[in-house]
$ cat final-v9.cif   # mmCIF, C-alpha atoms
data_work
loop_
_atom_site.label_atom_id
_atom_site.label_comp_id
_atom_site.auth_asym_id
_atom_site.auth_seq_id
_atom_site.Cartn_x
_atom_site.Cartn_y
_atom_site.Cartn_z
CA MET A 959 4.13 1.04 -2.19
CA CYS A 960 2.86 -1.58 0.21
CA LEU A 961 5.10 -4.09 -1.54
CA SER A 962 6.54 -6.48 1.06
CA VAL A 963 8.68 -9.57 0.56
CA PRO A 964 9.29 -12.71 2.61
CA GLY A 965 12.81 -13.10 4.05
CA LYS A 966 14.48 -15.80 6.14
CA ILE A 967 15.89 -14.90 9.56
CA ILE A 968 19.63 -15.68 9.64
CA LYS A 969 20.80 -13.88 12.76
CA VAL A 970 19.10 -12.00 15.60
CA ASN A 971 20.80 -9.26 17.60
CA LYS A 972 18.47 -7.58 20.14
CA ASN A 973 15.85 -5.72 18.09
CA MET A 974 17.66 -6.16 14.78
CA ALA A 975 17.92 -9.18 12.50
CA GLN A 976 19.84 -10.23 9.47
CA VAL A 977 17.53 -11.69 6.82
CA GLU A 978 18.07 -13.36 3.50
CA VAL A 979 15.89 -12.20 0.63
CA GLY A 980 16.39 -13.86 -2.74
CA GLY A 981 20.08 -14.55 -2.06
CA PHE A 982 20.86 -11.12 -0.56
CA LEU A 983 21.42 -10.29 3.11
CA ARG A 984 19.68 -7.33 4.71
CA GLU A 985 19.47 -5.77 8.18
CA ILE A 986 15.94 -5.20 9.42
CA SER A 987 14.26 -4.00 12.59
CA LEU A 988 12.24 -6.41 14.72
CA ASP A 989 10.43 -3.63 16.61
CA LEU A 990 7.08 -4.61 15.05
CA CYS A 991 7.59 -8.37 15.14
CA PRO A 992 9.95 -9.24 17.99
CA GLU A 993 9.26 -12.92 18.54
CA VAL A 994 11.15 -14.60 15.75
CA SER A 995 13.62 -17.46 15.62
CA ILE A 996 16.43 -18.25 13.26
CA GLY A 997 15.17 -20.06 10.15
CA GLU A 998 11.68 -18.55 10.33
CA TYR A 999 10.33 -16.35 7.56
CA VAL A 1000 9.05 -12.81 8.07
CA LEU A 1001 7.34 -10.32 5.78
CA ILE A 1002 9.60 -7.30 5.23
CA HIS A 1003 8.47 -3.75 4.53
CA ALA A 1004 10.45 -0.48 4.69
CA GLY A 1005 13.26 -2.04 6.71
CA PHE A 1006 11.00 -3.77 9.24
CA ALA A 1007 9.65 -7.26 9.81
CA ILE A 1008 5.90 -6.59 9.89
CA GLN A 1009 4.62 -10.15 10.44
CA LYS A 1010 5.76 -13.76 10.59
CA VAL A 1011 4.98 -15.89 7.55
CA ASP A 1012 3.06 -18.92 8.78
CA GLU A 1013 4.45 -21.98 7.04
CA LYS A 1014 1.58 -24.24 8.11
CA GLU A 1015 -1.03 -21.82 6.77
CA ALA A 1016 0.90 -21.57 3.49
CA GLU A 1017 0.81 -25.36 3.11
CA GLU A 1018 -2.89 -25.48 3.95
CA THR A 1019 -3.65 -22.77 1.40
CA LEU A 1020 -1.77 -24.80 -1.24
CA GLU A 1021 -3.78 -27.90 -0.34
CA ILE A 1022 -7.04 -25.94 -0.60
CA LEU A 1023 -5.87 -24.51 -3.93
CA LYS A 1024 -5.21 -27.98 -5.30
CA LYS A 1025 -8.67 -29.09 -4.20
CA MET A 1026 -10.32 -26.00 -5.66
CA ALA A 1027 -8.46 -26.58 -8.91
CA GLU A 1028 -9.67 -30.18 -8.78
CA LEU A 1029 -6.16 -31.58 -9.08
CA SER A 1030 -6.49 -33.86 -6.07
CA MET B 712 11.84 -17.95 -3.64
CA LYS B 713 9.97 -19.70 -0.86
CA PHE B 714 6.35 -18.58 -0.36
CA ILE B 715 6.39 -17.07 -3.84
CA ASP B 716 7.22 -19.74 -6.43
CA GLU B 717 4.69 -22.24 -5.05
CA PHE B 718 1.96 -19.66 -5.62
CA ARG B 719 2.78 -19.36 -9.31
CA ASN B 720 2.03 -22.98 -10.25
CA LYS B 721 0.61 -23.17 -13.78
CA GLU B 722 -1.43 -26.37 -13.36
CA ILE B 723 -3.23 -25.10 -10.29
CA ALA B 724 -3.82 -21.76 -12.02
CA GLU B 725 -5.45 -23.52 -14.97
CA GLY B 726 -7.65 -25.55 -12.64
CA LEU B 727 -8.72 -22.39 -10.79
CA ILE B 728 -9.57 -20.58 -14.01
CA LYS B 729 -11.73 -23.54 -15.10
CA LYS B 730 -13.46 -23.49 -11.71
CA ILE B 731 -14.09 -19.74 -11.95
CA ARG B 732 -15.61 -20.23 -15.43
CA LYS B 733 -17.83 -23.03 -14.13
CA THR B 734 -19.00 -21.04 -11.09
CA SER B 735 -19.61 -17.64 -12.65
CA THR B 736 -23.03 -16.91 -14.17
CA ARG B 737 -23.77 -13.22 -13.50
CA PRO B 738 -22.05 -10.10 -14.76
CA ILE B 739 -20.09 -8.65 -11.85
CA GLN B 740 -17.59 -5.90 -11.23
CA LEU B 741 -14.85 -6.51 -8.63
CA MET B 742 -12.51 -3.79 -7.41
CA GLU B 743 -8.89 -4.57 -6.66
CA VAL B 744 -8.16 -1.87 -4.12
CA CYS B 745 -4.39 -2.11 -4.07
CA GLY B 746 -1.92 -0.96 -6.72
CA THR B 747 0.30 -3.99 -6.08
CA HIS B 748 -2.69 -6.15 -7.06
CA THR B 749 -3.22 -4.13 -10.23
CA VAL B 750 0.40 -4.76 -11.25
CA SER B 751 0.12 -8.54 -10.57
CA ILE B 752 -3.20 -8.77 -12.40
CA PHE B 753 -1.70 -7.18 -15.52
CA ARG B 754 1.67 -8.92 -15.29
CA TYR B 755 0.02 -12.35 -15.25
CA GLY B 756 -2.68 -11.41 -17.76
CA ILE B 757 -5.45 -12.22 -15.29
CA ARG B 758 -7.99 -9.82 -16.81
CA GLY B 759 -7.71 -11.56 -20.15
CA ILE B 760 -8.27 -15.08 -18.82
CA LEU B 761 -11.33 -14.36 -16.71
CA PRO B 762 -14.71 -15.20 -18.21
CA GLU B 763 -16.55 -12.34 -19.89
CA PRO B 764 -19.01 -11.50 -17.07
CA ILE B 765 -16.25 -10.81 -14.51
CA ARG B 766 -14.82 -7.33 -14.79
CA LEU B 767 -11.98 -6.07 -12.62
CA ILE B 768 -11.60 -2.38 -11.87
CA SER B 769 -8.66 -0.69 -10.19
CA GLY B 770 -9.16 1.25 -6.98
CA PRO B 771 -7.46 4.00 -4.99
CA GLY B 772 -4.78 1.82 -3.36
CA CYS B 773 -1.59 3.63 -4.28
CA PRO B 774 -0.39 6.03 -1.56
CA VAL B 775 1.77 7.97 -4.02
CA CYS B 776 -1.21 8.49 -6.32
CA VAL B 777 -3.69 9.65 -3.68
CA THR B 778 -1.33 12.18 -2.07
CA PRO B 779 -2.92 15.52 -3.00
CA ASN B 780 -1.01 18.23 -4.85
CA GLU B 781 -1.12 20.55 -1.86
CA ASP B 782 0.98 18.11 0.21
CA ILE B 783 3.53 17.72 -2.59
CA ASP B 784 3.71 21.52 -2.90
CA LEU B 785 4.22 21.75 0.86
CA ALA B 786 7.04 19.17 0.72
CA ILE B 787 8.68 21.18 -2.06
CA ALA B 788 8.31 24.44 -0.11
CA LEU B 789 9.79 22.77 2.99
CA SER B 790 12.75 21.49 0.97
CA ARG B 791 13.50 25.06 -0.16
CA GLN B 792 14.04 26.25 3.41
CA LYS B 793 17.58 27.09 4.44
CA ASP B 794 19.66 24.32 6.07
CA THR B 795 17.05 21.68 5.37
CA ILE B 796 17.32 18.10 4.20
CA LEU B 797 14.10 16.61 2.90
CA THR B 798 13.99 12.81 3.00
CA THR B 799 11.41 10.80 1.09
CA PHE B 800 10.56 7.36 -0.24
CA GLY B 801 11.82 7.14 -3.82
CA ASP B 802 8.32 6.81 -5.25
CA MET B 803 7.52 10.46 -4.43
CA MET B 804 10.49 11.99 -6.26
CA ARG B 805 8.97 12.30 -9.70
CA VAL B 806 5.38 13.09 -8.72
CA PRO B 807 4.54 16.50 -10.15
CA GLY B 808 3.19 19.11 -7.76
CA SER B 809 1.61 22.32 -9.04
CA THR B 810 4.74 23.63 -10.79
CA SER B 811 7.68 21.47 -9.67
CA SER B 812 8.61 18.04 -8.30
CA LEU B 813 11.10 16.87 -5.68
CA GLN B 814 13.26 15.51 -8.48
CA LYS B 815 13.38 18.91 -10.19
CA GLU B 816 14.18 20.58 -6.88
CA LYS B 817 17.05 18.15 -6.34
CA ALA B 818 18.39 18.79 -9.85
CA GLU B 819 18.36 22.49 -9.04
CA GLY B 820 20.40 21.98 -5.90
CA GLY B 821 17.77 21.13 -3.29
CA ASN B 822 19.00 18.82 -0.55
CA ILE B 823 16.61 15.91 -1.05
CA GLN B 824 17.54 12.37 -0.12
CA VAL B 825 15.76 9.14 -0.98
CA ILE B 826 15.47 6.65 1.87
CA TYR B 827 14.15 3.11 2.00
CA SER B 828 13.25 2.94 5.70
CA PRO B 829 11.96 5.74 7.97
CA LEU B 830 14.77 4.79 10.39
CA GLU B 831 17.30 6.16 7.88
CA ALA B 832 15.86 9.65 8.52
CA LEU B 833 17.09 9.35 12.13
CA LYS B 834 20.54 8.44 10.95
CA ILE B 835 20.65 11.44 8.62
CA ALA B 836 19.40 13.75 11.39
CA LYS B 837 22.16 12.52 13.71
CA GLU B 838 24.82 13.01 11.05
CA HIS B 839 23.64 16.58 10.40
CA PRO B 840 22.82 18.05 13.80
CA LYS B 841 22.86 21.63 12.47
CA LYS B 842 20.32 20.93 9.75
CA LYS B 843 16.59 20.45 9.88
CA VAL B 844 15.75 17.00 8.55
CA ILE B 845 12.19 16.44 7.36
CA PHE B 846 10.71 13.08 6.38
CA PHE B 847 7.83 13.15 3.90
CA ALA B 848 5.76 10.46 5.61
CA ILE B 849 3.36 8.90 3.13
CA GLY B 850 1.86 5.43 3.11
CA PHE B 851 -1.06 3.26 4.13
CA GLU B 852 -1.36 1.13 7.27
CA THR B 853 1.42 -1.17 6.00
CA THR B 854 3.91 1.69 6.33
CA SER B 855 2.43 3.70 9.22
CA PRO B 856 3.80 1.48 12.02
CA THR B 857 7.32 1.84 10.60
CA ILE B 858 6.88 5.64 10.66
CA ALA B 859 5.47 5.48 14.20
CA VAL B 860 8.52 3.52 15.38
CA ALA B 861 10.81 6.17 13.84
CA ILE B 862 8.87 8.91 15.66
CA LEU B 863 8.97 7.06 18.99
CA GLN B 864 12.70 6.51 18.54
CA THR B 865 13.24 10.21 17.73
CA LYS B 866 11.53 11.11 21.00
CA LYS B 867 13.47 8.49 22.96
CA GLU B 868 16.82 9.68 21.65
CA GLY B 869 15.88 13.32 22.22
CA LEU B 870 16.63 14.32 18.61
CA LYS B 871 15.48 17.91 18.10
CA ASN B 872 16.20 18.35 14.38
CA LEU B 873 13.96 15.67 12.86
CA PHE B 874 10.43 16.49 11.68
CA PHE B 875 7.70 14.58 9.86
CA LEU B 876 5.41 15.85 7.13
CA ASN B 877 2.56 13.47 7.78
CA SER B 878 0.46 12.58 4.74
CA GLN B 879 -0.42 9.01 5.69
CA LYS B 880 -3.75 7.45 4.82
CA ARG B 881 -6.06 4.76 6.22
CA VAL B 882 -7.75 2.49 3.69
CA PRO B 883 -11.07 1.16 5.09
CA GLN B 884 -13.02 4.42 5.33
CA ALA B 885 -11.99 5.33 1.78
CA LEU B 886 -13.83 2.18 0.67
CA PHE B 887 -16.81 3.34 2.73
CA ALA B 888 -16.72 6.66 0.83
CA LEU B 889 -16.55 4.83 -2.52
CA LEU B 890 -19.51 2.59 -1.68
CA GLN B 891 -21.52 5.49 -0.35
CA ALA B 892 -20.89 7.65 -3.40
CA HIS B 893 -22.46 5.02 -5.73
CA THR B 894 -20.48 6.44 -8.65
CA VAL B 895 -19.17 3.02 -9.57
CA LYS B 896 -20.80 -0.39 -9.33
CA ILE B 897 -18.76 -2.60 -7.01
CA ASP B 898 -20.02 -6.13 -6.38
CA GLY B 899 -17.06 -7.20 -4.27
CA PHE B 900 -13.60 -6.17 -3.13
CA ILE B 901 -10.21 -7.81 -3.52
CA LEU B 902 -8.78 -6.33 -0.31
CA PRO B 903 -5.12 -5.34 0.13
CA GLY B 904 -3.06 -8.14 1.71
CA HIS B 905 -0.31 -6.10 3.32
CA VAL B 906 -2.50 -3.33 4.75
CA SER B 907 -4.55 -6.16 6.26
CA THR B 908 -1.42 -7.80 7.69
CA ILE B 909 -1.42 -4.80 10.04
CA ILE B 910 -5.13 -4.03 10.54
CA GLY B 911 -6.68 -7.51 10.35
CA ILE B 912 -10.25 -8.21 9.32
CA LYS B 913 -12.39 -6.13 11.70
CA PRO B 914 -12.12 -2.66 10.09
CA TYR B 915 -13.71 -4.04 6.89
CA GLN B 916 -16.83 -5.56 8.45
CA PHE B 917 -19.02 -2.62 7.36
CA ILE B 918 -18.57 -3.70 3.72
CA ALA B 919 -20.62 -6.83 4.38
CA LYS B 920 -22.81 -5.50 7.18
CA ASP B 921 -23.80 -2.06 5.85
CA PHE B 922 -23.46 -2.56 2.12
CA GLY B 923 -24.09 -6.30 1.66
CA ARG B 924 -20.94 -6.82 -0.42
CA PRO B 925 -18.40 -9.63 -0.04
CA ALA B 926 -14.69 -8.92 0.26
CA VAL B 927 -11.62 -11.14 0.37
CA ILE B 928 -8.23 -10.18 1.81
CA THR B 929 -5.95 -11.47 -0.91
CA GLY B 930 -2.25 -12.15 -1.50
CA PHE B 931 -0.26 -10.96 -4.48
CA GLU B 932 0.86 -14.05 -6.38
CA PRO B 933 -1.26 -15.25 -9.32
CA LEU B 934 -2.72 -18.23 -7.40
CA ASP B 935 -3.62 -15.92 -4.51
CA ILE B 936 -5.46 -13.56 -6.83
CA LEU B 937 -7.27 -16.34 -8.69
CA GLN B 938 -8.33 -17.93 -5.41
CA GLY B 939 -9.48 -14.53 -4.10
CA ILE B 940 -11.58 -14.00 -7.23
CA LEU B 941 -13.05 -17.51 -7.00
CA MET B 942 -13.96 -16.95 -3.33
CA LEU B 943 -15.73 -13.70 -4.30
CA VAL B 944 -17.55 -15.31 -7.23
CA GLN B 945 -18.69 -18.20 -5.00
CA GLN B 946 -20.04 -15.76 -2.40
CA ILE B 947 -21.84 -13.65 -5.00
CA GLU B 948 -23.38 -16.69 -6.72
CA GLU B 949 -24.65 -17.92 -3.35
CA ASN B 950 -25.87 -14.43 -2.35
CA HIS B 951 -23.47 -14.28 0.59
CA SER B 952 -21.55 -11.30 1.84
CA THR B 953 -18.81 -11.92 4.36
CA ILE B 954 -15.24 -10.75 4.76
CA GLU B 955 -12.84 -13.65 4.20
CA ILE B 956 -9.09 -14.08 4.32
CA GLN B 957 -7.39 -15.81 1.39
CA TYR B 958 -3.88 -14.60 2.35
CA ARG B 959 -3.72 -16.70 5.51
CA ARG B 960 0.04 -17.13 5.56
CA THR B 961 0.53 -13.53 6.67
CA VAL B 962 -2.87 -12.12 7.65
CA ARG B 963 -4.30 -12.96 11.07
CA GLU B 964 -7.82 -11.92 12.06
CA GLU B 965 -6.48 -9.45 14.60
CA GLY B 966 -3.75 -8.09 12.31
CA ASN B 967 -0.52 -7.12 14.06
CA PRO B 968 -1.61 -5.71 17.46
CA LEU B 969 1.89 -4.49 18.36
CA ALA B 970 2.09 -2.47 15.12
CA LEU B 971 -1.37 -1.01 15.74
CA LYS B 972 -0.30 -0.03 19.25
CA LYS B 973 2.72 1.87 17.91
CA ILE B 974 0.46 3.86 15.55
CA GLU B 975 -1.93 4.67 18.41
CA GLU B 976 0.90 5.81 20.66
CA VAL B 977 1.83 8.54 18.20
CA PHE B 978 -1.28 9.44 16.20
CA GLU B 979 -4.96 10.20 16.51
CA ARG B 980 -7.38 9.56 13.68
CA ASP B 981 -8.28 12.51 11.52
CA GLU B 982 -9.87 13.39 8.21
CA SER B 983 -7.60 13.40 5.20
CA ARG B 984 -7.65 14.75 1.66
CA TRP B 985 -7.31 12.20 -1.15
CA ARG B 986 -6.60 13.05 -4.74
CA GLY B 987 -9.77 12.31 -6.66
CA LEU B 988 -11.83 11.39 -3.62
CA GLY B 989 -11.60 14.66 -1.70
CA LEU B 990 -11.72 15.10 2.05
CA ILE B 991 -12.77 11.84 3.76
CA PRO B 992 -13.44 11.52 7.50
CA ASP B 993 -11.36 9.07 9.49
CA THR B 994 -8.86 8.29 6.72
CA GLY B 995 -5.81 10.06 8.11
CA TYR B 996 -3.82 10.76 11.24
CA ARG B 997 -2.74 13.78 13.21
CA PHE B 998 0.02 13.90 15.81
CA LYS B 999 -0.95 13.43 19.44
CA ASP B 1000 -0.10 16.49 21.53
CA SER B 1001 2.98 14.89 23.06
CA PHE B 1002 4.57 14.50 19.58
CA LYS B 1003 3.44 17.80 18.03
CA GLU B 1004 6.92 19.28 18.16
CA MET B 1005 7.88 16.92 15.33
CA ASP B 1006 5.03 18.00 13.04
CA ALA B 1007 6.50 19.63 9.93
CA ARG B 1008 3.11 21.23 9.25
CA GLY B 1009 3.90 23.51 12.18
CA PHE B 1010 6.47 25.50 10.14
CA ASP B 1011 5.33 28.93 9.06
CA ILE B 1012 6.14 28.91 5.35
CA LYS B 1013 4.54 30.11 2.17
CA VAL B 1014 3.29 27.45 -0.24
CA GLU B 1015 2.40 28.18 -3.85
CA PRO B 1016 -1.29 28.05 -4.78
CA THR B 1017 -2.34 24.53 -5.81
CA ARG B 1018 -2.91 23.88 -9.50
CA GLU B 1019 -3.77 20.70 -11.32
CA HIS B 1020 -3.52 19.83 -14.98
CA PRO B 1021 -7.08 20.44 -16.23
CA GLU B 1022 -7.09 17.34 -18.45
CA CYS B 1023 -5.47 14.82 -16.08
CA LEU B 1024 -7.98 12.08 -15.23
CA CYS B 1025 -6.05 10.64 -12.27
CA GLY B 1026 -8.89 11.58 -9.92
CA GLY B 1027 -11.47 9.59 -11.89
CA VAL B 1028 -9.06 6.69 -12.39
CA LEU B 1029 -8.50 6.45 -8.62
CA GLN B 1030 -12.25 6.16 -8.02
CA GLY B 1031 -12.61 3.44 -10.65
CA ILE B 1032 -14.96 5.59 -12.74
CA LYS B 1033 -12.47 6.23 -15.57
CA THR B 1034 -9.87 4.09 -17.26
CA PRO B 1035 -6.61 5.55 -18.56
CA PHE B 1036 -7.86 4.97 -22.14
CA GLU B 1037 -10.47 7.68 -21.58
CA CYS B 1038 -7.80 10.26 -20.80
CA ALA B 1039 -6.80 12.62 -23.63
CA LEU B 1040 -3.25 12.82 -22.25
CA PHE B 1041 -2.64 9.05 -21.86
CA LYS B 1042 0.27 7.89 -24.06
CA ARG B 1043 0.07 11.07 -26.15
CA ILE B 1044 1.48 13.57 -23.68
CA CYS B 1045 1.58 11.57 -20.46
CA ASN B 1046 3.99 8.62 -20.26
CA PRO B 1047 6.41 7.22 -17.66
CA GLU B 1048 9.22 9.45 -19.00
CA ASN B 1049 7.08 12.57 -18.86
CA PRO B 1050 4.29 11.91 -16.37
CA VAL B 1051 1.54 14.50 -15.96
CA GLY B 1052 -0.22 12.87 -13.01
CA PRO B 1053 0.90 10.60 -10.17
CA CYS B 1054 -0.96 7.55 -11.55
CA MET B 1055 1.61 7.53 -14.35
CA VAL B 1056 4.59 8.10 -12.03
CA SER B 1057 4.18 5.37 -9.46
CA ILE B 1058 5.12 1.90 -10.69
CA GLU B 1059 1.91 0.81 -8.99
CA GLY B 1060 -0.19 3.59 -10.46
CA THR B 1061 -3.04 2.44 -12.68
CA CYS B 1062 -1.92 4.58 -15.65
CA HIS B 1063 1.66 3.31 -15.37
CA THR B 1064 0.43 -0.29 -15.26
CA TYR B 1065 -1.84 0.25 -18.30
CA TYR B 1066 1.06 1.89 -20.12
CA ARG B 1067 3.33 -1.10 -19.51
CA PHE B 1068 0.90 -3.95 -20.01
CA ALA B 1069 -2.40 -2.99 -21.63
#

$ encode --input "final-v9.cif" --output "structure tokens"
Amino acid sequence: MCLSVPGKIIKVNKNMAQVEVGGFLREISLDLCPEVSIGEYVLIHAGFAIQKVDEKEAEETLEILKKMAELS
Amino acid sequence: MKFIDEFRNKEIAEGLIKKIRKTSTRPIQLMEVCGTHTVSIFRYGIRGILPEPIRLISGPGCPVCVTPNEDIDLAIALSRQKDTILTTFGDMMRVPGSTSSLQKEKAEGGNIQVIYSPLEALKIAKEHPKKKVIFFAIGFETTSPTIAVAILQTKKEGLKNLFFLNSQKRVPQALFALLQAHTVKIDGFILPGHVSTIIGIKPYQFIAKDFGRPAVITGFEPLDILQGILMLVQQIEENHSTIEIQYRRTVREEGNPLALKKIEEVFERDESRWRGLGLIPDTGYRFKDSFKEMDARGFDIKVEPTREHPECLCGGVLQGIKTPFECALFKRICNPENPVGPCMVSIEGTCHTYYRFA
């Protein structure tokens, strides 16, 4: 039930945003995560953005993963 | 999809599995707390590819599953009141209470509506000003801030016909209860990524400090889970116990402070009853006085006496002390079409996951 998916911010209108999730557009509330910009990714749960997805951290995790897997 | 596909890379997965095999020497039991993890672990066959000494057990992390029968019976009783619309997340519809379910009630004419976001309950309440609208508010910390926002908004808009049947749960102290009970050997925890997105790392510190066990806040893609397991194995092999974050792209140490503030504006901490685990201190919420008028538990109604199927092992499964295979009902009488207990109903319930994949 805690399932949450990343979506890309397309449009912001006050405390609401339009996001794209896997090719579909959805309206979500920004009441829990107000400081977002167009093009950023947020984690979506029950109609709300609950956190920003940090692109830099994602890349670092992938680098660490490659090292752990001894691929680089 | 971005932030998903990259974390399903086969080559990296193979490298991680090799590394886990190389690192692991002792027999250990790790608990994946969250039902979403259980589903990923089975979907990607992770149990089968881990070396023999590493055993994964499923924990109590499915809000639908841990909601006790008495709350489901209360929701059903509330839905039978005159001029009432009961709104609920879809997952709760088919969960059997003592003698009925919300789905059965709907089939028999009950006004029960499935919603995706708590904010939809406000919309329904505004569209039906002469009806009482009740939202069956279940969920862990991932969901609680969204419910809190709906409650704050109800107050702000002065809506008088919207009520909340609060059955929300808090995860960390349930893990405390599991560790304290000693009924199952847990050498480390794969901690829920999305609950932790809200609460951060601090509420879990007791796992390392008081019980000397490591725990890793982990994401839900196969590489996340493999990395989480490797981090736990490394800690255990080096006799360390700290709380680490694997799922760094969405979990910050402090969680989401704004979301936590919303919860605190509306609720106070309270004890809560969990299916299988019983009454646990500090694992629930009650309304603060200034929001009590929205508490659906305040209605004076008669609820049927609670009954549970005597053979259903859901309670033991939720504590990690039983597997679905030990249940006499599993696959014979209890299946996703005809579920006896909630662990078979929820798509993230352990019995449902075993039924689909094991």

$ closest_residue --input "final-v9.cif" --among "A:Ile1022, A:Glu985, A:Cys960, A:Lys972" --to "chain B" --atoms "only C-alpha atoms"
A:Cys960

$ closest_residue --input "final-v9.cif" --among "B:Ile901, B:Ile1012, B:Leu876, B:Leu937" --to "chain A" --atoms "only C-alpha atoms"
B:Leu937

$ interface_residues --input "final-v9.cif" --of "chain A" --to "chain B" --cutoff "10 Å" --atoms "all atoms listed in the file" --output "ChimeraX atom specification"
/A:959-966,979-981,986-987,989-992,999-1001,1003-1020,1022-1029

$ atom_distance --input "final-v9.cif" --atom1 "CA of Glu964 in chain B" --atom2 "CA of Leu886 in chain B"
19.1 Å

$ atom_distance --input "final-v9.cif" --atom1 "CA of Phe887 in chain B" --atom2 "CA of Gly770 in chain B"
12.5 Å

$ residues_near_point --input "final-v9.cif" --point "(-1.0, 7.1, -14.2)" --cutoff "12 Å" --atoms "all atoms listed in the file" --output "PyMOL selection string"
chain B and resi 746+769+771+773+775-777+806-807+1023-1029+1033-1036+1038+1040-1042+1044-1067

$ atom_distance --input "final-v9.cif" --atom1 "CA of Glu838 in chain B" --atom2 "CA of Leu813 in chain B"
22.0 Å

$ decode --input "final-v9.cif" --residues "range 873-878 of chain B" --atoms "all heavy atoms" --output "PDB file, in the first residue's frame"
ATOM      1  N   LEU B 873     -17.853  15.548   6.833  1.00  0.00           N
ATOM      2  CA  LEU B 873     -16.787  14.591   6.533  1.00  0.00           C
ATOM      3  C   LEU B 873     -16.117  14.117   7.819  1.00  0.00           C
ATOM      4  O   LEU B 873     -15.735  14.929   8.665  1.00  0.00           O
ATOM      5  CB  LEU B 873     -15.748  15.227   5.592  1.00  0.00           C
ATOM      6  CG  LEU B 873     -14.563  14.349   5.173  1.00  0.00           C
ATOM      7  CD1 LEU B 873     -15.014  13.038   4.534  1.00  0.00           C
ATOM      8  CD2 LEU B 873     -13.634  15.093   4.216  1.00  0.00           C
ATOM      9  N   PHE B 874     -16.004  12.781   7.945  1.00  0.00           N
ATOM     10  CA  PHE B 874     -15.457  12.164   9.158  1.00  0.00           C
ATOM     11  C   PHE B 874     -14.379  11.147   8.779  1.00  0.00           C
ATOM     12  O   PHE B 874     -14.353  10.659   7.650  1.00  0.00           O
ATOM     13  CB  PHE B 874     -16.575  11.473   9.940  1.00  0.00           C
ATOM     14  CG  PHE B 874     -17.710  12.398  10.270  1.00  0.00           C
ATOM     15  CD1 PHE B 874     -18.747  12.595   9.365  1.00  0.00           C
ATOM     16  CD2 PHE B 874     -17.722  13.108  11.464  1.00  0.00           C
ATOM     17  CE1 PHE B 874     -19.787  13.472   9.647  1.00  0.00           C
ATOM     18  CE2 PHE B 874     -18.752  13.989  11.757  1.00  0.00           C
ATOM     19  CZ  PHE B 874     -19.790  14.178  10.848  1.00  0.00           C
ATOM     20  N   PHE B 875     -13.522  10.840   9.715  1.00  0.00           N
ATOM     21  CA  PHE B 875     -12.415   9.918   9.427  1.00  0.00           C
ATOM     22  C   PHE B 875     -12.396   8.782  10.441  1.00  0.00           C
ATOM     23  O   PHE B 875     -12.358   9.033  11.644  1.00  0.00           O
ATOM     24  CB  PHE B 875     -11.072  10.675   9.455  1.00  0.00           C
ATOM     25  CG  PHE B 875     -10.959  11.718   8.372  1.00  0.00           C
ATOM     26  CD1 PHE B 875     -11.555  12.966   8.526  1.00  0.00           C
ATOM     27  CD2 PHE B 875     -10.295  11.439   7.186  1.00  0.00           C
ATOM     28  CE1 PHE B 875     -11.474  13.925   7.518  1.00  0.00           C
ATOM     29  CE2 PHE B 875     -10.192  12.390   6.174  1.00  0.00           C
ATOM     30  CZ  PHE B 875     -10.790  13.630   6.343  1.00  0.00           C
ATOM     31  N   LEU B 876     -12.449   7.557   9.939  1.00  0.00           N
ATOM     32  CA  LEU B 876     -12.261   6.393  10.804  1.00  0.00           C
ATOM     33  C   LEU B 876     -10.760   6.085  10.784  1.00  0.00           C
ATOM     34  O   LEU B 876     -10.233   5.509   9.838  1.00  0.00           O
ATOM     35  CB  LEU B 876     -13.065   5.182  10.295  1.00  0.00           C
ATOM     36  CG  LEU B 876     -12.765   3.846  10.982  1.00  0.00           C
ATOM     37  CD1 LEU B 876     -12.883   3.941  12.490  1.00  0.00           C
ATOM     38  CD2 LEU B 876     -13.656   2.747  10.438  1.00  0.00           C
ATOM     39  N   ASN B 877     -10.087   6.532  11.831  1.00  0.00           N
ATOM     40  CA  ASN B 877      -8.634   6.467  11.841  1.00  0.00           C
ATOM     41  C   ASN B 877      -8.149   5.095  12.293  1.00  0.00           C
ATOM     42  O   ASN B 877      -8.415   4.673  13.406  1.00  0.00           O
ATOM     43  CB  ASN B 877      -8.109   7.563  12.779  1.00  0.00           C
ATOM     44  CG  ASN B 877      -6.648   7.398  13.080  1.00  0.00           C
ATOM     45  OD1 ASN B 877      -5.886   6.956  12.222  1.00  0.00           O
ATOM     46  ND2 ASN B 877      -6.268   7.718  14.299  1.00  0.00           N
ATOM     47  N   SER B 878      -7.435   4.418  11.406  1.00  0.00           N
ATOM     48  CA  SER B 878      -6.851   3.115  11.754  1.00  0.00           C
ATOM     49  C   SER B 878      -5.400   3.080  11.262  1.00  0.00           C
ATOM     50  O   SER B 878      -4.893   2.039  10.873  1.00  0.00           O
ATOM     51  CB  SER B 878      -7.680   2.001  11.117  1.00  0.00           C
ATOM     52  OG  SER B 878      -7.281   0.743  11.578  1.00  0.00           O
TER      53      SER B 878
END
